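Next comes protein21.csv, with CSV, C-alpha atoms.
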```
chain,number,residue,atom,x,y,z
A,28,MET,CA,-12.2,-25.1,10.3
A,29,SER,CA,-10.9,-23.4,7.1
A,30,GLU,CA,-9.1,-20.1,7.0
A,31,HIS,CA,-12.0,-18.5,5.2
A,32,SER,CA,-14.6,-19.7,7.8
A,33,ARG,CA,-12.6,-19.1,11.0
A,34,PRO,CA,-13.8,-16.2,13.2
A,35,LEU,CA,-12.1,-12.9,12.7
A,36,SER,CA,-9.8,-11.6,15.4
A,37,ARG,CA,-10.6,-8.2,16.9
A,38,SER,CA,-7.9,-6.6,14.8
A,39,GLU,CA,-9.3,-8.2,11.6
A,40,GLU,CA,-12.8,-7.1,12.5
A,41,LYS,CA,-11.6,-3.5,13.0
A,42,ARG,CA,-9.7,-3.6,9.7
A,43,GLN,CA,-12.8,-4.9,7.8
A,44,ARG,CA,-15.0,-2.3,9.4
A,45,ILE,CA,-12.6,0.4,8.5
A,46,LEU,CA,-12.5,-0.8,4.8
A,47,GLU,CA,-16.3,-1.0,4.6
A,48,THR,CA,-16.8,2.4,6.2
A,49,ALA,CA,-14.1,4.1,4.1
A,50,MET,CA,-15.5,2.7,0.8
A,51,ASP,CA,-19.0,3.8,1.7
A,52,MET,CA,-17.8,7.3,2.6
A,53,PHE,CA,-15.5,7.7,-0.4
A,54,CYS,CA,-18.5,6.8,-2.7
A,55,SER,CA,-21.2,8.9,-0.9
A,56,GLN,CA,-19.2,12.0,0.0
A,57,GLY,CA,-16.3,11.9,-2.5
A,58,PHE,CA,-12.7,11.0,-1.8
A,59,ALA,CA,-11.5,14.6,-1.2
A,60,ASN,CA,-14.4,15.3,1.2
A,61,THR,CA,-13.8,12.3,3.3
A,62,SER,CA,-11.3,12.7,6.1
A,63,MET,CA,-9.5,10.0,8.1
A,64,ASP,CA,-11.0,11.6,11.2
A,65,ALA,CA,-14.5,11.1,9.8
A,66,ILE,CA,-13.8,7.5,8.8
A,67,ALA,CA,-12.5,6.9,12.3
A,68,ARG,CA,-15.6,8.3,13.9
A,69,GLU,CA,-18.0,6.4,11.6
A,70,ALA,CA,-16.1,3.1,12.1
A,71,ASP,CA,-15.8,3.6,15.8
A,72,VAL,CA,-12.1,3.3,16.0
A,73,SER,CA,-9.2,5.7,16.7
A,74,LYS,CA,-7.4,7.5,13.9
A,75,GLN,CA,-4.3,5.8,15.1
A,76,THR,CA,-5.9,2.4,14.6
A,77,ILE,CA,-6.6,3.4,10.9
A,78,TYR,CA,-3.0,4.5,10.4
A,79,SER,CA,-1.7,1.3,12.0
A,80,HIS,CA,-3.5,-0.7,9.3
A,81,PHE,CA,-3.2,1.7,6.4
A,82,GLY,CA,-0.4,4.3,6.0
A,83,SER,CA,-2.5,6.9,4.2
A,84,LYS,CA,-5.9,7.7,2.8
A,85,ASP,CA,-4.6,6.6,-0.6
A,86,ASP,CA,-3.4,3.3,0.9
A,87,LEU,CA,-6.9,2.8,2.4
A,88,PHE,CA,-8.6,3.4,-0.9
A,89,VAL,CA,-6.3,0.9,-2.6
A,90,ALA,CA,-6.9,-1.7,0.1
A,91,SER,CA,-10.6,-1.2,-0.4
A,92,ILE,CA,-10.4,-2.0,-4.1
A,93,ARG,CA,-8.1,-5.0,-3.5
A,94,THR,CA,-10.5,-6.4,-0.9
A,95,LYS,CA,-13.4,-6.2,-3.3
A,96,CYS,CA,-11.5,-8.1,-6.0
A,97,LEU,CA,-10.5,-10.8,-3.5
A,98,GLN,CA,-14.1,-11.1,-2.2
A,99,ALA,CA,-15.2,-11.7,-5.8
A,100,ASN,CA,-12.7,-14.6,-6.0
A,101,LEU,CA,-10.8,-12.9,-8.8
A,102,SER,CA,-7.4,-14.3,-8.0
A,103,GLU,CA,-5.0,-17.0,-9.3
A,104,ASP,CA,-7.1,-19.6,-7.5
A,105,LEU,CA,-9.9,-19.0,-9.9
A,106,PHE,CA,-8.4,-21.1,-12.7
A,107,ASN,CA,-8.7,-24.8,-12.3
A,108,GLU,CA,-6.3,-26.5,-14.7
A,109,GLN,CA,-8.4,-29.7,-14.5
A,110,GLU,CA,-11.2,-28.0,-16.5
A,111,SER,CA,-11.3,-27.0,-20.1
A,112,VAL,CA,-10.3,-23.5,-21.1
A,113,GLY,CA,-13.9,-22.8,-22.0
A,114,GLN,CA,-15.2,-23.9,-18.6
A,115,GLN,CA,-12.5,-21.8,-16.8
A,116,LEU,CA,-13.3,-18.7,-18.9
A,117,GLN,CA,-17.0,-19.1,-18.4
A,118,ARG,CA,-16.5,-19.1,-14.7
A,119,PHE,CA,-14.2,-16.1,-14.9
A,120,ALA,CA,-16.8,-14.3,-17.0
A,121,ARG,CA,-19.5,-14.8,-14.5
A,122,LEU,CA,-17.4,-13.7,-11.5
A,123,PHE,CA,-15.9,-10.7,-13.4
A,124,THR,CA,-19.2,-9.3,-14.5
A,125,GLU,CA,-20.8,-9.9,-11.1
A,126,LEU,CA,-18.0,-7.7,-9.7
A,127,VAL,CA,-17.7,-5.0,-12.3
A,128,LEU,CA,-21.5,-4.5,-12.6
A,129,SER,CA,-22.1,-4.5,-8.8
A,130,ASP,CA,-23.4,-1.5,-7.0
A,131,ASP,CA,-20.1,-1.0,-5.2
A,132,ALA,CA,-18.0,-1.2,-8.4
A,133,ILE,CA,-20.2,1.3,-10.2
A,134,ARG,CA,-20.0,3.7,-7.2
A,135,VAL,CA,-16.2,3.5,-7.1
A,136,PHE,CA,-16.1,4.1,-10.9
A,137,ARG,CA,-18.3,7.2,-10.6
A,138,THR,CA,-16.2,8.5,-7.7
A,139,CYS,CA,-13.0,8.3,-9.8
A,140,ILE,CA,-14.7,10.0,-12.7
A,141,SER,CA,-16.1,12.8,-10.6
A,142,SER,CA,-12.7,13.3,-9.0
A,143,ALA,CA,-10.7,13.1,-12.3
A,144,ASP,CA,-10.1,16.8,-12.7
A,145,GLN,CA,-9.1,17.6,-9.1
A,146,LEU,CA,-7.6,14.2,-8.1
A,147,PRO,CA,-6.3,12.5,-11.3
A,148,HIS,CA,-4.1,10.2,-9.2
A,149,LEU,CA,-7.3,8.6,-7.8
A,150,GLY,CA,-8.2,7.1,-11.2
A,151,GLN,CA,-4.7,5.8,-11.5
A,152,LEU,CA,-4.8,4.1,-8.1
A,153,PHE,CA,-8.2,2.5,-9.0
A,154,PHE,CA,-6.9,1.4,-12.4
A,155,ASN,CA,-3.7,-0.1,-11.0
A,156,GLU,CA,-5.4,-2.0,-8.2
A,157,GLY,CA,-8.6,-3.0,-9.9
A,158,PRO,CA,-8.7,-3.2,-13.7
A,159,MET,CA,-5.0,-3.7,-14.2
A,160,ASN,CA,-4.8,-6.5,-11.7
A,161,VAL,CA,-7.7,-8.3,-13.5
A,162,ILE,CA,-6.1,-7.7,-16.9
A,163,THR,CA,-2.8,-9.1,-15.6
A,164,LEU,CA,-4.5,-12.1,-14.1
A,165,LEU,CA,-6.3,-13.0,-17.3
A,166,THR,CA,-3.2,-12.2,-19.4
A,167,LEU,CA,-1.0,-14.7,-17.4
A,168,TYR,CA,-3.7,-17.3,-17.8
A,169,LEU,CA,-3.9,-16.8,-21.6
A,170,GLN,CA,-0.1,-17.0,-21.8
A,171,ARG,CA,-0.2,-20.4,-20.1
A,172,VAL,CA,-2.8,-21.9,-22.3
A,173,THR,CA,-1.0,-20.5,-25.4
A,174,GLU,CA,2.2,-22.1,-24.2
A,175,ARG,CA,0.4,-25.4,-23.8
A,176,GLY,CA,-0.9,-25.1,-27.4
A,177,GLU,CA,-4.6,-24.9,-26.3
A,178,LEU,CA,-5.0,-21.4,-27.9
A,179,ALA,CA,-3.0,-19.4,-30.4
A,180,ILE,CA,-2.6,-15.9,-29.0
A,181,ALA,CA,0.2,-13.7,-30.2
A,182,ASN,CA,-0.6,-10.8,-27.8
A,183,PRO,CA,-2.1,-12.2,-24.6
A,184,HIS,CA,-2.5,-8.7,-23.0
A,185,GLY,CA,-4.4,-7.4,-26.0
A,186,ALA,CA,-6.6,-10.6,-26.1
A,187,ALA,CA,-7.3,-10.2,-22.3
A,188,VAL,CA,-8.5,-6.6,-22.9
A,189,GLN,CA,-10.6,-7.7,-25.8
A,190,LEU,CA,-12.4,-10.4,-23.7
A,191,LEU,CA,-12.9,-8.1,-20.7
A,192,MET,CA,-14.4,-5.3,-22.8
A,193,MET,CA,-16.7,-7.8,-24.6
A,194,LEU,CA,-17.9,-9.2,-21.3
A,195,MET,CA,-18.7,-5.8,-19.9
A,196,GLY,CA,-21.0,-5.2,-22.9
A,197,GLU,CA,-24.3,-3.4,-22.6
A,198,GLY,CA,-24.5,-4.1,-18.9
A,199,HIS,CA,-21.7,-1.8,-18.0
A,200,LEU,CA,-23.1,1.0,-20.1
A,201,ARG,CA,-26.5,0.6,-18.5
A,202,ARG,CA,-25.1,0.5,-15.0
A,203,LYS,CA,-23.0,3.6,-15.5
A,204,LEU,CA,-26.1,5.5,-16.6
A,205,GLY,CA,-28.0,4.3,-13.6
A,206,LEU,CA,-30.2,1.9,-15.6
A,207,PRO,CA,-31.1,-1.6,-14.3
A,208,TYR,CA,-29.3,-4.7,-15.5
A,209,ASP,CA,-29.7,-8.2,-14.0
A,210,THR,CA,-26.5,-10.2,-13.9
A,211,GLN,CA,-28.5,-13.3,-12.9
A,212,SER,CA,-30.8,-13.2,-15.9
A,213,ALA,CA,-30.8,-15.9,-18.5
A,214,ALA,CA,-30.1,-13.3,-21.2
A,215,HIS,CA,-26.9,-12.2,-19.3
A,216,HIS,CA,-25.7,-15.7,-18.9
A,217,GLU,CA,-26.3,-16.4,-22.6
A,218,TYR,CA,-24.4,-13.3,-23.5
A,219,LEU,CA,-21.4,-14.5,-21.4
A,220,ARG,CA,-21.6,-17.9,-23.0
A,221,SER,CA,-21.7,-16.6,-26.5
A,222,SER,CA,-18.9,-14.0,-25.8
A,223,VAL,CA,-16.5,-16.7,-24.5
A,224,GLU,CA,-17.3,-19.0,-27.4
A,225,LEU,CA,-16.7,-16.2,-29.9
A,226,PHE,CA,-13.4,-15.4,-28.2
A,227,LEU,CA,-12.3,-19.1,-28.3
A,228,ARG,CA,-13.2,-19.4,-32.0
A,229,GLY,CA,-11.1,-16.4,-32.7
A,230,TYR,CA,-8.0,-17.7,-30.9
A,231,ARG,CA,-8.4,-21.5,-31.6
A,232,ALA,CA,-5.0,-23.1,-32.1
```
Re-express the file's structure as structure tokens.
Amino acid sequence: MSEHSRPLSRSEEKRQRILETAMDMFCSQGFANTSMDAIAREADVSKQTIYSHFGSKDDLFVASIRTKCLQANLSEDLFNEQESVGQQLQRFARLFTELVLSDDAIRVFRTCISSADQLPHLGQLFFNEGPMNVITLLTLYLQRVTERGELAIANPHGAAVQLLMMLMGEGHLRRKLGLPYDTQSAAHHEYLRSSVELFLRGYRA
């Protein structure tokens, strides 16, 4: 049995339940209005259990964001060096947009925006653990393929941001406004394909 399919221990189950409960409450009630006591009651655990897993409410928020990225498979394991750069970036594009356009991601984004005046540090926590981690992941990959001579990118960080912003496209604008957008549609898949191809043409070695 693989690590990913093995049954969770009681401690892991509690941790997962705390994370899911916290994210739901942060998004529905707002970060400032969600107490650790309320999370403990809703998750059916003691407050001491929460603090044994997470040192503070900020740490719990950060862990929730990190977990969403890992569940979306946005990690170093995403890139398979046996495939072409185009194939790897196409897979990255699909997983990235499925995450960033998901209901959970949009809810967290709105929570940070609504809290920006009273809790500006919340946006920084989200940016560091979510967007910045993805930017760094893609930047390091683009550095590697540039060093191998497969692409010619003078500024991998800037190129990573360019690609990410292009991939978000109309879908992110629509989702932020509460409008429907289907990440499984043929139109979306074609948009991702053409965006990656445009990116590769621009940075072809």
Could you pull the residues within 10 Å of segment 224-227 of chain A, counting only C-alpha atoms, minus those fewer than 5 positions along the same chain, as a list in words?
Val112, Gly113, Leu116, Gln117, Glu177, Leu178, Ala179, Ala186, Ala187, Gln189, Leu190, Met193, Tyr218, Leu219 and Ala232 of chain A
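Of the residues listed (A:Tyr168, A:Phe136, A:Tyr78, A:Tyr230), A:Tyr230 shows the shortest atom-to-atom separation from Ile180 of chain A; distances use only C-alpha atoms.
The nearest approach to Asp131 of chain A among the residues A:Cys54, A:Pro158, A:Thr76, A:Ser111, with only C-alpha atoms taken into account, belongs to A:Cys54.
Restricting the calculation to only C-alpha atoms, the smallest distance between Leu200 of chain A and any of A:Leu128, A:Asn155, A:Arg44, A:Cys96 is found for A:Leu128.
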I need every residue sitting at most 10 Å from the point (-16.9, -9.4, -10.3) (coordinates as in the file, all atoms listed in the file considered), written as a PyMOL selection string.
chain A and resi 95-101+119-129+132+161
(message) Need the shell around segment 39-43 of chain A: protein/DNA/RNA residues with any atom at most 10 Å away, counting all atoms listed in the file. Skip same-chain ones fewer than 5 positions apart. Format as a list in words?
(response) Pro34, Thr48, Ala49, Ala70, Asp71, Val72, Thr76, Ile77, Ser79, His80, Phe81, Ser91 and Thr94 of chain A
One decimal place gives the atom CA of Leu46 of chain A-atom CA of Gln75 of chain A separation as 14.7 Å
Taking all atoms of segment 213-219 of chain A that appear in the file, build a box with edges along x, y and z, extend it by 6 Å on every side, and state its centre and edge lengths in Å to one decimal, as JSON.
```
{"center_x": -26.1, "center_y": -14.3, "center_z": -21.0, "size_x": 21.4, "size_y": 16.2, "size_z": 17.0}
```
I need every residue sitting at most 9 Å from the point (-15.6, 2.7, -11.4) (coordinates as in the file, all atoms listed in the file considered), written as JSON, numbers by chain. {"A": [127, 131, 132, 133, 134, 135, 136, 137, 138, 139, 140, 150, 153, 154, 203]}
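Considering the residues A:Ser62, A:Val172, A:Asp86, A:Leu152 and counting all atoms listed in the file, Asn107 of chain A has its shortest atom-to-atom contact with A:Val172.
Comparing the minimum interatomic distances between Leu194 of chain A and each of A:Ala213, A:Leu105, A:Val223, A:Ala59, counting only C-alpha atoms, we find that A:Val223 sits nearest.
Interatomic distance, atom CA of Phe106 of chain A against atom CA of Ser222 of chain A: 18.2 Å.
Atom CA of Ile66 of chain A is positioned 7.4 Å from atom CA of Met52 of chain A.
Using all atoms listed in the file for every distance, the candidate list A:Arg220, A:Lys74, A:Lys84, A:Arg175 yields A:Lys84 as the residue closest to Thr61 of chain A.
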